[in-house]
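Undergrad: Contents are mmCIF, C-alpha atoms and all ligand atoms; file name entry-v3.cif:
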```
data_model
#
loop_
_atom_site.label_atom_id
_atom_site.label_comp_id
_atom_site.auth_asym_id
_atom_site.auth_seq_id
_atom_site.Cartn_x
_atom_site.Cartn_y
_atom_site.Cartn_z
CA MET A 1 -43.85 24.29 0.36
CA THR A 2 -41.58 21.31 -0.41
CA ARG A 3 -39.50 21.17 -3.57
CA SER A 4 -41.41 18.18 -4.94
CA ARG A 5 -44.77 19.97 -4.43
CA ILE A 6 -43.58 23.11 -6.22
CA ILE A 7 -42.19 21.14 -9.15
CA ALA A 8 -45.27 18.90 -9.20
CA CYS A 9 -47.51 21.98 -9.35
CA GLY A 10 -45.40 23.39 -12.15
CA LEU A 11 -45.38 20.10 -14.11
CA VAL A 12 -49.13 19.55 -13.71
CA ALA A 13 -49.80 23.09 -14.92
CA VAL A 14 -47.48 22.70 -17.92
CA VAL A 15 -49.03 19.35 -18.94
CA ALA A 16 -52.56 20.73 -18.49
CA LEU A 17 -51.86 23.77 -20.63
CA SER A 18 -50.04 21.88 -23.37
CA LEU A 19 -53.10 19.66 -23.79
CA VAL A 20 -55.38 22.68 -23.98
CA GLY A 21 -53.52 25.63 -25.39
CA CYS A 22 -50.85 24.68 -27.89
CA GLY A 23 -50.97 23.99 -31.57
CA SER A 24 -50.72 26.31 -34.51
CA SER A 25 -53.13 29.11 -35.21
CA ASP A 26 -56.50 27.83 -36.23
CA SER A 27 -56.71 26.84 -39.89
CA GLY A 28 -60.46 27.41 -39.91
CA GLY A 29 -62.14 30.06 -41.99
CA GLY A 30 -61.27 33.53 -40.84
CA ALA A 31 -63.31 36.69 -40.84
CA THR A 32 -65.14 37.75 -43.93
CA GLY A 33 -62.61 40.57 -44.08
CA ARG A 34 -65.37 43.07 -43.38
CA PRO A 35 -65.07 45.44 -40.37
CA ALA A 36 -66.11 43.78 -37.13
CA SER A 37 -68.24 46.68 -35.92
CA ALA A 38 -71.74 47.30 -37.27
CA ASP A 39 -71.78 47.84 -41.02
CA SER A 40 -72.45 51.29 -42.47
CA LYS A 41 -76.19 50.53 -42.68
CA GLY A 42 -76.18 49.70 -38.94
CA GLY A 43 -76.57 46.00 -39.73
CA ALA A 44 -75.86 43.23 -37.20
CA LYS A 45 -72.29 43.12 -35.83
CA LYS A 46 -70.08 40.50 -37.47
CA LYS A 47 -68.49 38.06 -34.96
CA LEU A 48 -65.07 39.51 -34.15
CA VAL A 49 -62.18 37.27 -35.19
CA ILE A 50 -58.94 37.96 -33.25
CA GLY A 51 -55.58 36.20 -33.57
CA PHE A 52 -53.48 35.85 -30.41
CA ALA A 53 -49.78 35.04 -30.87
CA GLN A 54 -48.78 34.09 -27.32
CA THR A 55 -45.14 33.86 -26.15
CA GLY A 56 -45.42 30.35 -24.72
CA ALA A 57 -46.27 28.71 -21.39
CA GLU A 58 -42.99 29.28 -19.52
CA SER A 59 -44.43 30.44 -16.21
CA GLY A 60 -47.50 30.50 -14.01
CA TRP A 61 -47.90 34.17 -14.92
CA ARG A 62 -47.98 33.36 -18.64
CA LYS A 63 -50.54 30.58 -18.18
CA ALA A 64 -52.76 32.97 -16.23
CA GLU A 65 -52.48 35.58 -18.97
CA THR A 66 -53.44 33.02 -21.62
CA GLN A 67 -56.45 31.84 -19.61
CA SER A 68 -57.56 35.45 -19.02
CA VAL A 69 -57.57 36.13 -22.78
CA LYS A 70 -59.40 32.88 -23.58
CA ASP A 71 -62.03 33.48 -20.86
CA GLU A 72 -62.63 37.06 -22.01
CA ALA A 73 -62.95 36.00 -25.67
CA GLU A 74 -65.55 33.42 -24.63
CA LYS A 75 -67.42 36.01 -22.54
CA ARG A 76 -67.49 38.51 -25.43
CA GLY A 77 -68.39 35.95 -28.11
CA ILE A 78 -65.12 36.59 -29.92
CA ASP A 79 -63.70 33.93 -32.27
CA LEU A 80 -60.14 33.63 -30.86
CA LYS A 81 -57.44 32.07 -33.02
CA PHE A 82 -54.82 31.07 -30.41
CA SER A 83 -51.21 30.20 -31.17
CA ASP A 84 -48.69 29.06 -28.50
CA GLY A 85 -45.28 30.37 -29.58
CA GLN A 86 -43.50 27.82 -27.35
CA GLY A 87 -40.89 30.49 -26.61
CA LYS A 88 -39.86 30.65 -30.30
CA GLN A 89 -40.03 33.90 -32.27
CA GLU A 90 -40.31 32.05 -35.59
CA LEU A 91 -43.52 30.37 -34.43
CA GLN A 92 -44.96 33.73 -33.41
CA ILE A 93 -44.10 35.21 -36.81
CA GLN A 94 -45.63 32.19 -38.57
CA ALA A 95 -48.80 32.62 -36.51
CA ILE A 96 -49.10 36.30 -37.49
CA HIS A 97 -48.66 35.38 -41.17
CA SER A 98 -51.47 32.86 -40.75
CA PHE A 99 -53.74 35.40 -39.04
CA ILE A 100 -53.15 37.83 -41.94
CA GLN A 101 -54.03 35.12 -44.48
CA GLN A 102 -57.20 34.40 -42.51
CA LYS A 103 -58.05 38.13 -42.65
CA VAL A 104 -58.66 38.35 -38.90
CA ASP A 105 -60.10 41.64 -37.59
CA GLY A 106 -57.22 42.23 -35.15
CA ILE A 107 -54.07 40.66 -33.72
CA ILE A 108 -52.79 40.47 -30.14
CA LEU A 109 -49.06 39.78 -29.85
CA ALA A 110 -47.07 39.00 -26.67
CA PRO A 111 -43.58 39.24 -28.23
CA VAL A 112 -40.99 36.81 -26.87
CA VAL A 113 -38.19 39.30 -27.63
CA VAL A 114 -38.13 43.00 -28.57
CA THR A 115 -36.41 42.78 -31.99
CA GLY A 116 -37.27 40.98 -35.26
CA PHE A 117 -41.02 41.64 -35.50
CA GLU A 118 -40.89 44.77 -37.72
CA PRO A 119 -41.35 42.97 -41.12
CA VAL A 120 -44.39 40.94 -40.09
CA LEU A 121 -45.95 43.93 -38.31
CA LYS A 122 -45.54 45.89 -41.59
CA GLU A 123 -47.42 43.10 -43.38
CA ALA A 124 -50.26 43.31 -40.83
CA LYS A 125 -50.40 47.11 -41.29
CA GLU A 126 -50.49 46.74 -45.10
CA ALA A 127 -53.34 44.24 -44.69
CA GLY A 128 -55.20 46.84 -42.60
CA ILE A 129 -55.15 44.61 -39.49
CA PRO A 130 -54.45 46.44 -36.19
CA VAL A 131 -52.04 44.91 -33.69
CA VAL A 132 -52.14 45.34 -29.89
CA LEU A 133 -49.11 44.29 -27.83
CA SER A 134 -49.75 42.31 -24.67
CA ASP A 135 -47.40 42.81 -21.69
CA ARG A 136 -44.16 43.06 -23.67
CA ALA A 137 -42.78 45.77 -25.98
CA VAL A 138 -41.16 45.55 -29.42
CA GLU A 139 -38.43 47.77 -30.85
CA VAL A 140 -39.72 49.29 -34.12
CA LYS A 141 -38.76 52.45 -36.07
CA ASP A 142 -42.39 53.04 -37.02
CA PRO A 143 -44.59 53.24 -33.88
CA SER A 144 -47.72 53.04 -36.04
CA LEU A 145 -47.00 49.30 -36.49
CA TYR A 146 -48.94 48.67 -33.29
CA ALA A 147 -51.92 50.47 -31.77
CA THR A 148 -50.91 50.26 -28.10
CA LEU A 149 -49.20 48.11 -25.44
CA VAL A 150 -51.36 46.85 -22.56
CA GLY A 151 -49.03 45.91 -19.71
CA SER A 152 -47.00 46.96 -16.68
CA ASP A 153 -44.08 49.33 -16.08
CA PHE A 154 -41.21 46.82 -15.85
CA VAL A 155 -38.58 49.47 -15.06
CA ASP A 156 -40.62 50.52 -12.01
CA GLU A 157 -41.00 46.87 -10.96
CA GLY A 158 -37.21 46.44 -10.98
CA LYS A 159 -36.70 49.73 -9.13
CA ARG A 160 -39.13 48.68 -6.41
CA CYS A 161 -37.25 45.40 -5.87
CA ALA A 162 -33.94 47.28 -5.57
CA GLU A 163 -35.39 49.73 -3.05
CA TYR A 164 -36.88 46.94 -0.95
CA LEU A 165 -33.67 44.85 -0.85
CA GLY A 166 -31.39 47.89 -0.41
CA LYS A 167 -33.29 49.03 2.66
CA LYS A 168 -33.52 45.49 4.07
CA MET A 169 -29.74 45.08 3.63
CA ASN A 170 -29.06 48.45 5.32
CA GLY A 171 -27.32 49.61 2.17
CA LYS A 172 -24.51 47.05 2.10
CA GLY A 173 -23.80 43.52 0.87
CA ASN A 174 -23.84 41.36 -2.25
CA ILE A 175 -26.73 40.52 -4.57
CA ALA A 176 -27.22 37.78 -7.16
CA GLU A 177 -29.51 38.57 -10.12
CA ILE A 178 -31.42 35.83 -11.96
CA GLU A 179 -32.72 37.32 -15.20
CA GLY A 180 -35.60 36.45 -17.52
CA ASN A 181 -34.97 35.25 -21.07
CA SER A 182 -32.37 37.48 -22.66
CA GLY A 183 -33.67 40.09 -25.10
CA SER A 184 -37.22 40.10 -23.78
CA ALA A 185 -38.71 43.43 -22.68
CA PRO A 186 -39.18 42.33 -19.04
CA GLN A 187 -35.55 41.16 -18.83
CA ILE A 188 -34.18 44.39 -20.35
CA GLU A 189 -36.44 46.77 -18.44
CA ARG A 190 -36.51 45.06 -15.03
CA LYS A 191 -32.71 44.85 -15.12
CA LYS A 192 -32.51 48.55 -16.06
CA GLY A 193 -34.84 49.54 -13.23
CA PHE A 194 -33.11 47.34 -10.65
CA ASP A 195 -29.45 47.97 -11.56
CA GLU A 196 -29.88 51.75 -11.96
CA ALA A 197 -31.76 52.18 -8.65
CA LEU A 198 -29.18 50.06 -6.81
CA ALA A 199 -26.22 52.03 -8.23
CA LYS A 200 -27.90 55.37 -7.49
CA GLU A 201 -29.40 54.72 -4.04
CA PHE A 202 -27.20 51.93 -2.63
CA PRO A 203 -23.64 52.33 -3.98
CA ASN A 204 -22.26 49.94 -1.35
CA ILE A 205 -24.33 47.01 -2.60
CA LYS A 206 -22.69 44.97 -5.34
CA ILE A 207 -24.20 42.58 -7.90
CA ILE A 208 -21.71 39.69 -7.71
CA ALA A 209 -23.59 37.13 -9.84
CA ASP A 210 -25.90 37.53 -12.84
CA ALA A 211 -27.36 34.84 -15.15
CA ASP A 212 -30.34 33.95 -17.38
CA GLY A 213 -32.98 31.77 -15.72
CA LYS A 214 -35.41 31.92 -18.70
CA PHE A 215 -38.36 32.79 -16.39
CA GLU A 216 -38.61 29.07 -15.53
CA ILE A 217 -38.70 27.28 -12.11
CA ALA A 218 -36.21 24.53 -13.04
CA LYS A 219 -33.75 26.91 -14.75
CA GLY A 220 -34.00 29.36 -11.85
CA LYS A 221 -33.09 26.54 -9.43
CA GLU A 222 -30.18 25.43 -11.61
CA VAL A 223 -28.81 28.99 -11.84
CA MET A 224 -29.14 29.55 -8.07
CA GLU A 225 -27.31 26.27 -7.38
CA ALA A 226 -24.43 27.37 -9.63
CA MET A 227 -24.31 30.83 -7.99
CA LEU A 228 -24.20 29.26 -4.50
CA ARG A 229 -21.40 26.92 -5.55
CA ALA A 230 -19.40 29.81 -6.98
CA ASN A 231 -20.10 32.36 -4.22
CA GLY A 232 -20.99 30.31 -1.12
CA LYS A 233 -22.06 32.44 1.82
CA ASN A 234 -21.13 35.71 0.05
CA ILE A 235 -24.63 36.13 -1.41
CA ASN A 236 -26.82 38.22 0.93
CA ALA A 237 -29.82 38.57 -1.41
CA VAL A 238 -31.15 37.43 -4.77
CA PHE A 239 -33.33 39.39 -7.24
CA CYS A 240 -35.30 37.16 -9.62
CA HIS A 241 -37.00 38.76 -12.64
CA ASN A 242 -40.08 36.62 -12.01
CA ASP A 243 -41.72 34.51 -9.29
CA ASP A 244 -41.14 31.16 -10.95
CA MET A 245 -37.36 31.57 -10.96
CA GLY A 246 -37.72 32.70 -7.33
CA LEU A 247 -39.51 29.44 -6.50
CA GLY A 248 -36.57 27.58 -8.03
CA ALA A 249 -34.09 29.71 -6.08
CA ILE A 250 -35.93 28.95 -2.81
CA GLN A 251 -35.56 25.21 -3.47
CA ALA A 252 -31.84 25.59 -4.23
CA ILE A 253 -31.20 27.66 -1.07
CA GLN A 254 -33.08 25.15 1.10
CA GLU A 255 -31.20 22.21 -0.44
CA ALA A 256 -27.93 24.03 0.30
CA GLY A 257 -28.94 23.97 3.98
CA MET A 258 -29.71 27.70 4.20
CA LYS A 259 -32.88 29.58 5.09
CA PRO A 260 -34.39 31.51 2.13
CA GLY A 261 -35.82 34.85 3.25
CA LYS A 262 -33.40 34.96 6.19
CA ASP A 263 -29.85 33.80 5.28
CA ILE A 264 -30.51 35.04 1.73
CA LEU A 265 -33.16 37.71 1.13
CA ILE A 266 -35.33 37.31 -1.99
CA ALA A 267 -37.27 39.76 -4.19
CA THR A 268 -39.28 38.66 -7.23
CA ILE A 269 -41.90 39.98 -9.69
CA ASP A 270 -45.30 38.68 -10.87
CA GLY A 271 -47.57 38.32 -7.82
CA GLU A 272 -48.36 34.63 -8.25
CA LYS A 273 -50.29 33.08 -5.34
CA LEU A 274 -47.55 30.46 -4.87
CA MET A 275 -44.95 33.19 -4.30
CA VAL A 276 -47.14 35.46 -2.15
CA GLN A 277 -47.62 32.36 0.05
CA GLN A 278 -43.82 31.97 0.26
CA VAL A 279 -43.56 35.61 1.40
CA ALA A 280 -46.30 35.00 3.98
CA ASP A 281 -44.39 31.91 5.21
CA GLY A 282 -41.12 33.88 5.49
CA ASN A 283 -39.33 31.94 2.71
CA SER A 284 -39.19 35.04 0.51
CA ASN A 285 -39.32 38.74 1.29
CA CYS A 286 -40.85 40.87 -1.46
CA CYS A 287 -43.06 40.12 -4.47
CA VAL A 288 -43.93 43.00 -6.81
CA GLU A 289 -47.09 42.29 -8.80
CA CYS A 290 -47.17 42.30 -12.62
CA LYS A 291 -50.84 42.21 -13.61
CA ALA A 292 -51.46 39.04 -15.66
CA LEU A 293 -55.23 39.11 -16.13
CA LEU A 294 -55.11 41.39 -19.19
CA GLY A 295 -57.96 39.86 -21.25
CA SER A 296 -60.51 42.62 -20.73
CA GLY A 297 -58.04 45.47 -21.34
CA LEU A 298 -56.66 43.77 -24.44
CA PHE A 299 -60.05 43.25 -26.09
CA ASP A 300 -61.14 46.81 -25.22
CA ALA A 301 -57.95 48.09 -26.88
CA ILE A 302 -58.21 45.92 -30.01
CA GLN A 303 -61.86 46.93 -30.50
CA GLN A 304 -60.90 50.61 -30.27
CA ALA A 305 -58.07 50.01 -32.75
CA ILE A 306 -60.47 48.26 -35.15
CA ASP A 307 -62.79 51.25 -34.78
CA LYS A 308 -59.79 53.43 -35.73
CA LYS A 309 -59.65 55.23 -32.38
CA ILE A 310 -56.24 56.77 -31.56
CA LEU A 311 -54.79 55.09 -28.45
CA PRO A 312 -51.86 56.01 -26.16
CA LYS A 313 -48.80 53.89 -27.06
CA LYS A 314 -48.84 52.39 -23.57
CA MET A 315 -51.81 51.54 -21.32
CA ILE A 316 -50.02 50.87 -18.01
CA GLN A 317 -51.57 48.66 -15.33
CA LYS A 318 -50.87 49.65 -11.69
CA ASP A 319 -48.98 46.91 -9.82
CA ASP A 320 -49.41 46.01 -6.13
CA GLN A 321 -46.55 44.87 -3.84
CA PHE A 322 -46.46 42.07 -1.25
CA ASP A 323 -44.00 41.82 1.67
CA GLU A 324 -43.94 41.08 5.41
CA THR A 325 -46.48 43.87 6.00
CA ASN A 326 -49.33 42.46 3.89
CA ALA A 327 -48.58 39.05 2.31
CA LYS A 328 -50.49 36.97 4.90
CA ALA A 329 -53.63 39.05 4.37
CA MET A 330 -53.35 39.09 0.58
CA VAL A 331 -52.60 35.45 -0.31
CA GLU A 332 -56.25 34.43 -0.64
CA THR A 333 -56.97 37.42 -2.91
CA ARG A 334 -54.54 36.21 -5.57
CA LYS A 335 -56.28 34.91 -8.68
CA TYR A 336 -53.22 33.32 -10.33
C1 LIG A 401 -44.30 40.09 -17.79
C2 LIG A 401 -44.17 38.83 -18.59
C3 LIG A 401 -43.14 37.93 -17.97
C4 LIG A 401 -43.51 37.46 -16.58
C5 LIG A 401 -42.95 36.10 -16.60
O1 LIG A 401 -45.22 40.92 -18.37
O2 LIG A 401 -43.78 39.13 -19.92
O3 LIG A 401 -43.04 36.79 -18.79
O4 LIG A 401 -42.96 38.26 -15.57
C6 LIG A 401 -43.32 35.65 -17.99
O5 LIG A 401 -43.46 35.24 -15.61
O6 LIG A 401 -42.58 34.57 -18.36
#
```
As structure tokens, what does this structure read like?
TA:
Amino acid sequence: MTRSRIIACGLVAVVALSLVGCGSSDSGGGATGRPASADSKGGAKKKLVIGFAQTGAESGWRKAETQSVKDEAEKRGIDLKFSDGQGKQELQIQAIHSFIQQKVDGIILAPVVVTGFEPVLKEAKEAGIPVVLSDRAVEVKDPSLYATLVGSDFVDEGKRCAEYLGKKMNGKGNIAEIEGNSGSAPQIERKKGFDEALAKEFPNIKIIADADGKFEIAKGKEVMEAMLRANGKNINAVFCHNDDMGLGAIQAIQEAGMKPGKDILIATIDGEKLMVQQVADGNSNCCVECKALLGSGLFDAIQQAIDKKILPKKMIQKDDQFDETNAKAMVETRKY
């Protein structure tokens, strides 16, 4: 896939989503404040009103997650109040305040970073509104501030990328690491999984470059270009915390006159169709899935929380993995 096509795809997707998905949380009337399930006399169910404070629209994965939640809300007849955080924690916090004022029945939060949400989650708890975390964790002293997290095991995703690259490199060489936005759960946990597995299982492989690519195609390309300028042919492989930064890295490697997937091995995480196609074409080597279509699991969880069921703190989705052994066969199965 040429550079202009990848960027064009990315730009078209961003423009399309910004027309559809952004804007503050709905200012319309919220729930009546009564429980969403049938009333004590077994009366008709009230229409569920759920607030969704989304991280932003930084990647193809994120856009797919957003669409999955919107489609599932439509299917279930749920009144979804959607807020695009545009990558800013203050907008997410504002959205949660608004959901509380609207007396929604439940809140779904995909937190852009792990810290700083405790005060507003306390307010939601005091208002008797359950919160379910989508895909990313928060650091809180009081675990009762959220009902559960529906997402993947990021540490395992990072570990799987390290094991793939370590074996492919026969246990020796130099790796560049392009990280997701600093302070986010996937950046912290994928790095932990990757770096620890590499140090433990492949002590002769060194990480010689490491920078923040913000989970974005353009930033991932920019970071890879800088790493190539600084390290030239000394980079044997690159680990990108998500597919979109991997797509940017592929462009940078090609423009530097090298062959991605051969001169420089590549491992990424998300399982986007665009990247599984790159693996199938030999321009990348390994793509560990991170399930994005979480809508159904999220609404099941929030309903159980509203019905005061006790949930496990994490509801982990099992992730697939695509490499030279299966990518060609799996491309057409990818739904995002
Ligand atoms: C993972 C999710 C990450 C994706 C990126 O659950 O939080 O954020 O891996 C996205 O593509 O930006």
Undergrad: Using all atoms listed in the file, pick whichever of A:Ile108, A:Thr55, A:Thr115, A:Ser284 has the shortest atom-to-atom distance to Val132 (chain A).
TA: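 Under the stated criterion, the closest residue is A:Ile108.
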Undergrad: At a cut-off of 9 Å, can you tabulate as JSON lines every residue of region 226-314 of chain A near region 205-220 of chain A together with its closest atom pair and the distance in Å to one decimal, using all atoms listed in the file and ordering rows by chain then number?
TA:
```
{"residue": "A:Met227", "atom": "CA", "partner": "A:Ala209", "partner_atom": "CA", "distance": 6.6}
{"residue": "A:Ala230", "atom": "CA", "partner": "A:Ala209", "partner_atom": "CA", "distance": 8.9}
{"residue": "A:Asn231", "atom": "CA", "partner": "A:Ala209", "partner_atom": "CA", "distance": 8.2}
{"residue": "A:Asn234", "atom": "CA", "partner": "A:Ile208", "partner_atom": "CA", "distance": 8.7}
{"residue": "A:Ile235", "atom": "CA", "partner": "A:Ile208", "partner_atom": "CA", "distance": 7.8}
{"residue": "A:Cys240", "atom": "CA", "partner": "A:Gly220", "partner_atom": "CA", "distance": 8.2}
{"residue": "A:His241", "atom": "CA", "partner": "A:Phe215", "partner_atom": "CA", "distance": 7.2}
{"residue": "A:Asn242", "atom": "CA", "partner": "A:Phe215", "partner_atom": "CA", "distance": 6.1}
{"residue": "A:Asp243", "atom": "CA", "partner": "A:Phe215", "partner_atom": "CA", "distance": 8.0}
{"residue": "A:Asp244", "atom": "CA", "partner": "A:Ile217", "partner_atom": "CA", "distance": 4.7}
{"residue": "A:Met245", "atom": "CA", "partner": "A:Gly220", "partner_atom": "CA", "distance": 4.1}
{"residue": "A:Gly246", "atom": "CA", "partner": "A:Gly220", "partner_atom": "CA", "distance": 6.7}
{"residue": "A:Leu247", "atom": "CA", "partner": "A:Ile217", "partner_atom": "CA", "distance": 6.1}
{"residue": "A:Gly248", "atom": "CA", "partner": "A:Ile217", "partner_atom": "CA", "distance": 4.6}
{"residue": "A:Ala249", "atom": "CA", "partner": "A:Gly220", "partner_atom": "CA", "distance": 5.8}
{"residue": "A:Ala252", "atom": "CA", "partner": "A:Gly220", "partner_atom": "CA", "distance": 8.8}
```
Undergrad: Report the distance between CA of Gly158 (chain A) and CA of Gly193 (chain A) in Å, rounded to one decimal place.
TA: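 A separation of 4.5 Å between them.
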Undergrad: Using all atoms listed in the file, determine which residues lie at most 6 Å from region 141-156 of chain A, disregarding the query and same-chain residues fewer than 4 positions distant; provide the list as a PyMOL selection string.
TA: chain A and resi 121+131-135+186+189-190+193+313-317
Undergrad: Create the file for the chosen residues now, containing C-alpha atoms and written as a JSON list (two decimals), keeping the file's coordinate frame.
TA:
```json
[["chain", "number", "residue", "atom", "x", "y", "z"],
["A", 121, "LEU", "CA", -45.95, 43.93, -38.31],
["A", 131, "VAL", "CA", -52.04, 44.91, -33.69],
["A", 132, "VAL", "CA", -52.14, 45.34, -29.89],
["A", 133, "LEU", "CA", -49.11, 44.29, -27.83],
["A", 134, "SER", "CA", -49.75, 42.31, -24.67],
["A", 135, "ASP", "CA", -47.40, 42.81, -21.69],
["A", 186, "PRO", "CA", -39.18, 42.33, -19.04],
["A", 189, "GLU", "CA", -36.44, 46.77, -18.44],
["A", 190, "ARG", "CA", -36.51, 45.06, -15.03],
["A", 193, "GLY", "CA", -34.84, 49.54, -13.23],
["A", 313, "LYS", "CA", -48.80, 53.89, -27.06],
["A", 314, "LYS", "CA", -48.84, 52.39, -23.57],
["A", 315, "MET", "CA", -51.81, 51.54, -21.32],
["A", 316, "ILE", "CA", -50.02, 50.87, -18.01],
["A", 317, "GLN", "CA", -51.57, 48.66, -15.33]]
```
Undergrad: Given the choices A:Ile93, A:Val138, A:Ala176, A:Cys290, which gets closest to Glu157 (chain A) if the distance is worked out from only C-alpha atoms?
TA: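 Between A:Ile93, A:Val138, A:Ala176, A:Cys290, the residue approaching Glu157 (chain A) most closely is A:Cys290.
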Undergrad: What gap, in Å, lies between atom O4 of ligand LIG 401 (chain A) and CA of Asp270 (chain A)?
TA: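 Between these atoms lies a distance of 5.3 Å.
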Undergrad: Let me make sure I understand: among A:Ile253, A:Leu265, A:Ile107, A:Ala301, which one has the smallest atom-to-atom distance to Ile175 (chain A) if we use only C-alpha atoms?
TA: A:Leu265
Undergrad: Compile the contact shell of Gln89 (chain A) as an NGL selection string: residues with an atom at most 9 Å away, counting only C-alpha atoms, same-chain residues fewer than 5 positions apart removed.
TA: :A and (55 or 94 or 111-113 or 116-117)
Undergrad: Looking at only C-alpha atoms, which of A:Ile188, A:Ala124, A:Val49, A:Ile302 is the one that sits closest to Glu139 (chain A)?
TA: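 Residue with the minimum atom-to-atom distance to Glu139 (chain A): A:Ile188.
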Undergrad: How many Å lie between CA of Lys103 (chain A) and CA of Lys125 (chain A), rounded to one decimal?
TA: 11.9 Å
Undergrad: Nearest residue to Leu48 (chain A) out of A:Ile306, A:Ala226, A:Val288, A:Leu198, using only C-alpha atoms?
TA: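 With only C-alpha atoms as the atom set, the closest residue is A:Ile306.
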